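K.L.:
Just so it is clear, I am handing over target.txt, which has compact mmCIF, C-alpha atoms.
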# COMPACT_ATOMS: atom_id res chain seq x y z
CA MET A 1 0.00 0.00 0.00
CA ASP A 2 2.09 2.84 -1.31
CA ALA A 3 -0.24 5.49 0.09
CA LEU A 4 0.94 4.48 3.54
CA GLY A 5 4.55 4.02 2.48
CA ASP A 6 5.39 7.58 3.47
CA PRO A 7 5.99 8.49 7.14
CA THR A 8 4.11 11.78 6.94
CA ARG A 9 1.10 10.12 5.34
CA ARG A 10 1.15 7.47 8.01
CA ALA A 11 1.22 10.20 10.66
CA ILE A 12 -1.76 11.90 8.99
CA PHE A 13 -3.59 8.61 8.75
CA GLU A 14 -2.96 7.99 12.44
CA LEU A 15 -4.17 11.43 13.36
CA LEU A 16 -7.39 10.87 11.42
CA SER A 17 -7.86 7.55 13.17
CA ALA A 18 -8.58 9.58 16.30
CA GLY A 19 -11.32 11.55 14.51
CA PRO A 20 -12.02 13.99 11.67
CA HIS A 21 -9.67 16.94 11.27
CA ALA A 22 -9.38 20.01 9.05
CA VAL A 23 -6.22 20.51 7.01
CA GLY A 24 -5.03 23.30 9.30
CA GLU A 25 -5.45 21.16 12.39
CA ILE A 26 -3.37 18.43 10.82
CA ALA A 27 -0.64 20.87 9.77
CA GLU A 28 -0.45 22.27 13.32
CA GLN A 29 0.37 18.86 14.71
CA LEU A 30 2.97 17.82 12.19
CA PRO A 31 6.27 19.35 11.10
CA VAL A 32 5.07 19.91 7.55
CA SER A 33 3.48 22.80 5.69
CA ARG A 34 -0.20 23.09 4.97
CA PRO A 35 0.24 22.63 1.21
CA ALA A 36 2.26 19.50 1.90
CA VAL A 37 -0.52 18.18 4.13
CA SER A 38 -3.03 18.84 1.35
CA GLN A 39 -0.89 16.96 -1.10
CA HIS A 40 -0.58 13.96 1.22
CA LEU A 41 -4.32 14.03 1.85
CA ARG A 42 -4.93 13.89 -1.89
CA VAL A 43 -2.83 10.72 -2.14
CA LEU A 44 -4.69 9.16 0.79
CA LYS A 45 -8.00 10.15 -0.76
CA ASP A 46 -7.06 8.71 -4.14
CA ALA A 47 -6.16 5.48 -2.35
CA GLY A 48 -9.64 5.37 -0.80
CA LEU A 49 -8.32 5.65 2.75
CA VAL A 50 -9.57 9.13 3.52
CA ALA A 51 -12.82 10.95 2.71
CA GLU A 52 -13.52 14.68 2.82
CA ARG A 53 -16.53 16.87 3.33
CA ARG A 54 -16.99 20.59 3.25
CA ASN A 55 -17.95 22.50 6.34
CA GLY A 56 -18.39 26.09 5.22
CA THR A 57 -15.04 27.06 3.78
CA ARG A 58 -13.22 24.27 5.55
CA ARG A 59 -12.59 20.79 4.28
CA ILE A 60 -12.85 18.19 6.99
CA TYR A 61 -11.03 14.91 6.49
CA ARG A 62 -11.76 11.57 8.10
CA LEU A 63 -10.90 7.94 7.49
CA ASP A 64 -13.03 6.41 4.77
CA PRO A 65 -15.13 3.61 6.25
CA ASP A 66 -15.03 1.81 2.94
CA GLY A 67 -11.30 1.70 3.32
CA VAL A 68 -11.62 -0.97 6.01
CA ALA A 69 -10.91 -3.77 3.59
CA ARG A 70 -7.84 -1.91 2.43
CA VAL A 71 -6.64 -1.50 5.99
CA ARG A 72 -7.20 -5.18 6.52
CA ASP A 73 -5.01 -5.81 3.47
CA TYR A 74 -2.49 -3.45 4.92
CA PHE A 75 -2.35 -5.53 8.09
CA ASP A 76 -2.09 -8.59 5.93
CA ARG A 77 1.20 -7.19 4.64
CA PHE A 78 2.18 -6.00 8.06
CA TRP A 79 2.02 -9.51 9.43
CA ASP A 80 4.16 -10.82 6.58
CA ALA A 81 6.86 -8.39 7.62
CA ALA A 82 6.42 -8.92 11.36
CA LEU A 83 6.41 -12.70 11.11
CA ALA A 84 9.58 -12.65 9.01
CA GLU A 85 11.24 -10.75 11.86
CA PHE A 86 9.70 -13.14 14.37
CA LYS A 87 11.00 -16.16 12.47
CA ALA A 88 14.52 -14.73 12.46
CA ALA A 89 14.34 -13.96 16.19
CA ALA A 90 12.95 -17.39 17.06
CA GLU A 91 15.59 -19.19 15.04
CA ARG A 92 18.34 -17.11 16.63
CA SER A 93 16.98 -18.14 20.03
CA GLN A 94 17.11 -21.79 19.07
CA GLY A 95 20.84 -21.24 18.73
CA MET B 1 -19.22 -2.22 3.16
CA THR B 2 -17.79 -5.69 3.16
CA THR B 3 -19.25 -7.06 6.37
CA GLN B 4 -20.40 -10.19 4.54
CA THR B 5 -16.83 -10.95 3.63
CA ASP B 6 -14.44 -12.72 5.92
CA LEU B 7 -11.83 -10.08 6.57
CA THR B 8 -9.70 -12.21 8.87
CA VAL B 9 -5.99 -11.92 8.22
CA ARG B 10 -4.46 -15.41 8.18
CA LYS B 11 -0.76 -16.08 8.10
CA SER B 12 1.41 -19.15 8.52
CA VAL B 13 5.13 -19.31 8.92
CA LEU B 14 7.47 -22.26 9.50
CA VAL B 15 10.21 -21.66 12.02
CA ASN B 16 13.17 -23.89 12.76
CA CYS B 17 12.68 -24.13 16.49
CA SER B 18 10.48 -25.92 18.99
CA PRO B 19 6.96 -24.72 19.80
CA GLU B 20 8.29 -23.82 23.26
CA VAL B 21 10.90 -21.45 21.85
CA ALA B 22 8.47 -20.02 19.29
CA PHE B 23 5.84 -19.35 21.93
CA HIS B 24 8.41 -17.81 24.24
CA VAL B 25 9.83 -15.50 21.58
CA PHE B 26 6.39 -14.47 20.38
CA THR B 27 5.06 -13.58 23.80
CA GLU B 28 8.02 -12.73 26.01
CA ARG B 29 10.67 -11.51 23.62
CA LYS B 30 8.48 -9.33 21.49
CA THR B 31 10.88 -6.40 21.67
CA ASP B 32 13.38 -8.59 19.73
CA TRP B 33 11.26 -8.72 16.63
CA TRP B 34 8.27 -6.41 16.78
CA PRO B 35 8.70 -3.67 14.15
CA TYR B 36 8.08 -0.64 16.31
CA GLU B 37 6.99 2.64 14.86
CA THR B 38 9.58 5.31 15.46
CA HIS B 39 7.85 8.59 14.79
CA ALA B 40 4.48 8.17 16.50
CA ALA B 41 3.99 9.45 20.01
CA SER B 42 2.68 6.11 21.14
CA GLY B 43 5.23 4.13 19.19
CA GLU B 44 8.29 4.25 21.40
CA LYS B 45 10.15 1.03 21.67
CA PRO B 46 9.34 -0.35 25.10
CA ALA B 47 11.81 -1.81 27.55
CA GLU B 48 9.64 -4.88 27.78
CA VAL B 49 6.37 -6.41 26.67
CA ILE B 50 4.43 -8.34 29.24
CA TYR B 51 1.80 -11.00 28.77
CA GLU B 52 0.26 -11.79 32.14
CA PRO B 53 0.16 -15.57 31.68
CA GLN B 54 -3.47 -16.32 32.38
CA VAL B 55 -6.92 -15.83 30.90
CA GLY B 56 -7.96 -12.27 31.72
CA GLY B 57 -4.35 -11.18 32.11
CA ARG B 58 -3.17 -7.93 30.59
CA VAL B 59 -0.91 -7.57 27.58
CA PHE B 60 1.11 -4.39 27.84
CA ASP B 61 4.30 -2.54 27.01
CA ARG B 62 6.39 -0.94 29.69
CA LEU B 63 8.58 1.95 28.58
CA GLU B 64 11.97 2.81 30.06
CA ASP B 65 10.38 5.45 32.28
CA GLY B 66 7.82 3.02 33.64
CA ARG B 67 4.85 4.17 31.61
CA GLU B 68 2.64 1.37 30.43
CA ASN B 69 0.54 1.00 27.30
CA GLN B 70 -2.03 -1.74 27.36
CA TRP B 71 -2.47 -3.67 24.13
CA GLY B 72 -5.20 -6.05 25.13
CA THR B 73 -6.35 -8.88 27.30
CA VAL B 74 -5.51 -12.57 27.25
CA LEU B 75 -8.47 -14.68 26.06
CA ALA B 76 -6.64 -18.00 25.87
CA TRP B 77 -3.25 -18.93 27.32
CA GLU B 78 -2.14 -22.44 26.41
CA PRO B 79 1.65 -22.49 26.18
CA PRO B 80 3.28 -23.61 23.98
CA HIS B 81 0.36 -24.28 21.64
CA ARG B 82 -1.98 -21.34 21.52
CA VAL B 83 -2.51 -17.79 22.66
CA ARG B 84 -5.49 -15.54 21.90
CA ILE B 85 -5.72 -11.93 22.93
CA THR B 86 -7.84 -8.87 22.29
CA TRP B 87 -6.26 -5.81 20.64
CA ASN B 88 -7.72 -2.76 22.25
CA VAL B 89 -5.11 -0.10 22.65
CA ASN B 90 -7.50 2.83 22.92
CA PRO B 91 -10.47 2.41 25.23
CA GLY B 92 -13.67 3.13 23.35
CA ASN B 93 -12.32 1.94 20.04
CA PRO B 94 -13.41 -1.31 18.42
CA THR B 95 -11.55 -4.39 19.54
CA THR B 96 -9.94 -6.85 17.19
CA GLU B 97 -8.62 -10.26 18.18
CA LEU B 98 -5.37 -12.04 17.54
CA GLU B 99 -4.95 -15.79 17.79
CA VAL B 100 -1.63 -17.55 17.30
CA ARG B 101 -1.17 -21.31 17.26
CA PHE B 102 2.13 -23.17 17.44
CA THR B 103 2.13 -26.69 15.97
CA PRO B 104 5.10 -29.07 15.66
CA GLU B 105 5.88 -29.78 12.03
CA GLY B 106 8.94 -31.77 11.01
CA ASP B 107 11.87 -30.49 13.04
CA GLY B 108 10.26 -27.13 13.51
CA THR B 109 7.04 -25.36 14.29
CA ARG B 110 4.26 -24.02 12.15
CA VAL B 111 2.98 -20.72 13.47
CA ASP B 112 -0.57 -19.91 12.37
CA LEU B 113 -1.79 -16.40 13.03
CA GLU B 114 -5.31 -15.02 12.69
CA HIS B 115 -6.13 -11.36 13.19
CA SER B 116 -9.90 -10.86 13.09
CA GLY B 117 -12.62 -8.40 13.93
CA TRP B 118 -12.03 -5.67 11.32
CA GLU B 119 -15.75 -5.51 10.67
CA ALA B 120 -16.19 -3.63 13.94
CA TYR B 121 -14.12 -0.78 12.56
CA GLY B 122 -16.32 -0.47 9.53
CA GLU B 123 -19.47 -0.34 11.62
CA ARG B 124 -17.97 2.27 13.87
CA ALA B 125 -16.54 4.29 11.05
CA GLN B 126 -19.94 4.46 9.40
CA ASP B 127 -21.45 6.11 12.42
CA SER B 128 -20.53 9.71 11.73
CA ALA B 129 -22.29 10.81 14.92
CA SER B 130 -19.60 9.21 16.99
CA SER B 131 -17.17 11.71 15.49
CA TYR B 132 -14.08 12.06 17.63
CA ASN B 133 -14.75 8.90 19.51
CA SER B 134 -14.89 6.91 16.33
CA GLY B 135 -12.09 5.88 14.15
CA TRP B 136 -9.52 3.26 13.89
CA ASP B 137 -7.16 2.08 16.47
CA LEU B 138 -4.03 4.10 16.94
CA VAL B 139 -2.25 0.82 17.20
CA LEU B 140 -1.86 1.27 13.47
CA GLY B 141 0.92 3.65 14.26
CA ARG B 142 2.93 0.88 15.77
CA TYR B 143 2.66 -1.29 12.74
CA VAL B 144 3.28 0.93 9.87
CA ASP B 145 7.02 1.42 9.64
CA SER B 146 7.57 -2.28 9.25
CA VAL B 147 5.74 -2.58 6.00
CA ASN B 148 8.46 -1.14 3.84
CA ALA B 149 11.30 -2.09 6.14
Written as structure tokens, how would this file's structure read?
P.N.:
Amino acid sequence: MDALGDPTRRAIFELLSAGPHAVGEIAEQLPVSRPAVSQHLRVLKDAGLVAERRNGTRRIYRLDPDGVARVRDYFDRFWDAALAEFKAAAERSQG
Amino acid sequence: MTTQTDLTVRKSVLVNCSPEVAFHVFTERKTDWWPYETHAASGEKPAEVIYEPQVGGRVFDRLEDGRENQWGTVLAWEPPHRVRITWNVNPGNPTTELEVRFTPEGDGTRVDLEHSGWEAYGERAQDSASSYNSGWDLVLGRYVDSVNA
């Protein structure tokens, strides 16, 4: 899942996992500019992980509920990576 | 939504060690292999990870400064064959469940992992009224760096 392959996008994704946020709120909490946040949000949105709605002049972003299956797939890959590390650690322990 | 679909993540891996060693490394030596997030506030690498070895026991990280982060609760504790726990890092968020089985195979052990319960996130995420209390578990932050590692 390349959309989550970037540390800043992962941080944004995490932030939105706590609840909906406006672009400005996200930018305040991360060491990146507002335009950069918008760009990352666009990638997340294109990947179906994030949805937006307008609230007056503000755009509010939240995690896309239909992205659940994608997140599940993401964990699917996560466990591949984690279990590879686990296997190495277990076999080292065996001596 | 895909609630009709089985979303369970299933993984199997063969390791060249006994079930006893595999179980021990999985539960008690997690800091040796768990791919900790580095940039997230909640993703510091802990000094230790503790599984209280009984049904109902806590699963938690303890950081160097003594702070603890609970990951879940033990649902089944059958060393060296099986462990099942809840994942519920943030109270109020949906809970998923992780089951890991350790089965002798040849000279080694087959480790079968099932991570289930994603449907609960979808149901919660659909409820826009729950707003700030909704959302997906911040535990994600602990997982993510590993994917491209």
K.L.:
If we count only C-alpha atoms, which residues of chain A reach to within 6 Å of chain B? Please list them as a compact mmCIF listing (two decimals) with C-alpha atoms, in the coordinates of the input.
P.N.:
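And here is the file that came out, out_34.txt:
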# COMPACT_ATOMS: atom_id res chain seq x y z
CA SER A 17 -7.86 7.55 13.17
CA ALA A 18 -8.58 9.58 16.30
CA GLY A 19 -11.32 11.55 14.51
CA PRO A 65 -15.13 3.61 6.25
CA ASP A 66 -15.03 1.81 2.94
CA VAL A 68 -11.62 -0.97 6.01
CA ASP A 76 -2.09 -8.59 5.93
CA PHE A 78 2.18 -6.00 8.06
CA GLU A 85 11.24 -10.75 11.86
CA PHE A 86 9.70 -13.14 14.37
CA LYS A 87 11.00 -16.16 12.47
CA ALA A 90 12.95 -17.39 17.06
CA GLU A 91 15.59 -19.19 15.04
CA GLN A 94 17.11 -21.79 19.07
K.L.:
Please compute the atom CA of Val100 of chain B-atom CA of Trp87 of chain B distance, one decimal, in Å.
P.N.:
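Taking atom CA of Val100 of chain B as the start and atom CA of Trp87 of chain B as the end point, the length is 13.1 Å.
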K.L.:
Quick one: everything within 8 Å of segment 33-35 of chain A, counting only C-alpha atoms, minus sequence neighbours fewer than 3 positions away in the same chain. Send it as a ChimeraX atom specification.
P.N.:
/A:23-24,27,38-39
K.L.:
Enclose the full set of atoms of segment 73-89 of chain A listed in the file within a box whose edges lie along x, y and z, apply 3 Å of padding to each of the six sides, and report centre and edge lengths in Å to one decimal as AutoDock Vina command-line options.
P.N.:
--center_x 4.8 --center_y -9.8 --center_z 9.8 --size_x 25.5 --size_y 18.7 --size_z 18.7
K.L.:
Determine the nearest neighbour of Leu63 of chain A from the options A:Ala11, A:Leu83, A:Leu44, A:Leu16, counting all atoms listed in the file.
P.N.:
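Checking each candidate against Leu63 of chain A, we get A:Leu16 as the closest.
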K.L.:
Do a neighbour search on Arg58 of chain B at 10 Å with all atoms listed in the file, toss out local chain neighbours closer than 5 positions, and write the hits as a ChimeraX atom specification.
P.N.:
/B:50-53,70-75,85-86
K.L.:
Export, as a tab-separated table (two decimals), in the coordinates of the input, the selected residues with C-alpha atoms.
P.N.:
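Here's the written file part-v1.tsv:
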chain	number	residue	atom	x	y	z
B	50	ILE	CA	4.43	-8.34	29.24
B	51	TYR	CA	1.80	-11.00	28.77
B	52	GLU	CA	0.26	-11.79	32.14
B	53	PRO	CA	0.16	-15.57	31.68
B	70	GLN	CA	-2.03	-1.74	27.36
B	71	TRP	CA	-2.47	-3.67	24.13
B	72	GLY	CA	-5.20	-6.05	25.13
B	73	THR	CA	-6.35	-8.88	27.30
B	74	VAL	CA	-5.51	-12.57	27.25
B	75	LEU	CA	-8.47	-14.68	26.06
B	85	ILE	CA	-5.72	-11.93	22.93
B	86	THR	CA	-7.84	-8.87	22.29
K.L.:
Atom CA of Arg42 of chain A and atom CA of Ala3 of chain A are how many Å apart?
P.N.:
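Result for atom CA of Arg42 of chain A versus atom CA of Ala3 of chain A: 9.8 Å, one decimal.
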K.L.:
If you measure from atom CA of Ala81 of chain A to atom CA of Ile26 of chain A, what distance in Å do you get, rounded to one decimal?
P.N.:
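For atom CA of Ala81 of chain A relative to atom CA of Ile26 of chain A, the distance reads 28.9 Å.
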K.L.:
Of the candidates A:Glu28, A:Pro20, A:Val50, A:Leu41, which shows the shortest atom-to-atom distance to Asp6 of chain A, using all atoms listed in the file?
P.N.:
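Of A:Glu28, A:Pro20, A:Val50, A:Leu41, the one nearest Asp6 of chain A, counting all atoms listed in the file, is A:Leu41.
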K.L.:
For a cutoff of 8 Å around the file-coordinate point (3.0, 12.5, 3.1), which residues qualify once you count only C-alpha atoms? I'd like the result as a list in words.
P.N.:
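These residues have at least one counted atom within 8 Å: Asp6, Pro7, Thr8, Arg9, Arg10, Ile12, Ala36, Val37, Gln39, His40 and Leu41 of chain A.
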K.L.:
At a cut-off of 7 Å, using only C-alpha atoms, what residues contact Leu49 of chain A? Leave out same-chain residues fewer than 2 positions from it and give the result as a CSV table (one decimal) with C-alpha atoms, keeping the file's coordinate frame.
P.N.:
chain,number,residue,atom,x,y,z
A,44,LEU,CA,-4.7,9.2,0.8
A,45,LYS,CA,-8.0,10.2,-0.8
A,47,ALA,CA,-6.2,5.5,-2.4
A,51,ALA,CA,-12.8,11.0,2.7
A,63,LEU,CA,-10.9,7.9,7.5
A,64,ASP,CA,-13.0,6.4,4.8
A,67,GLY,CA,-11.3,1.7,3.3
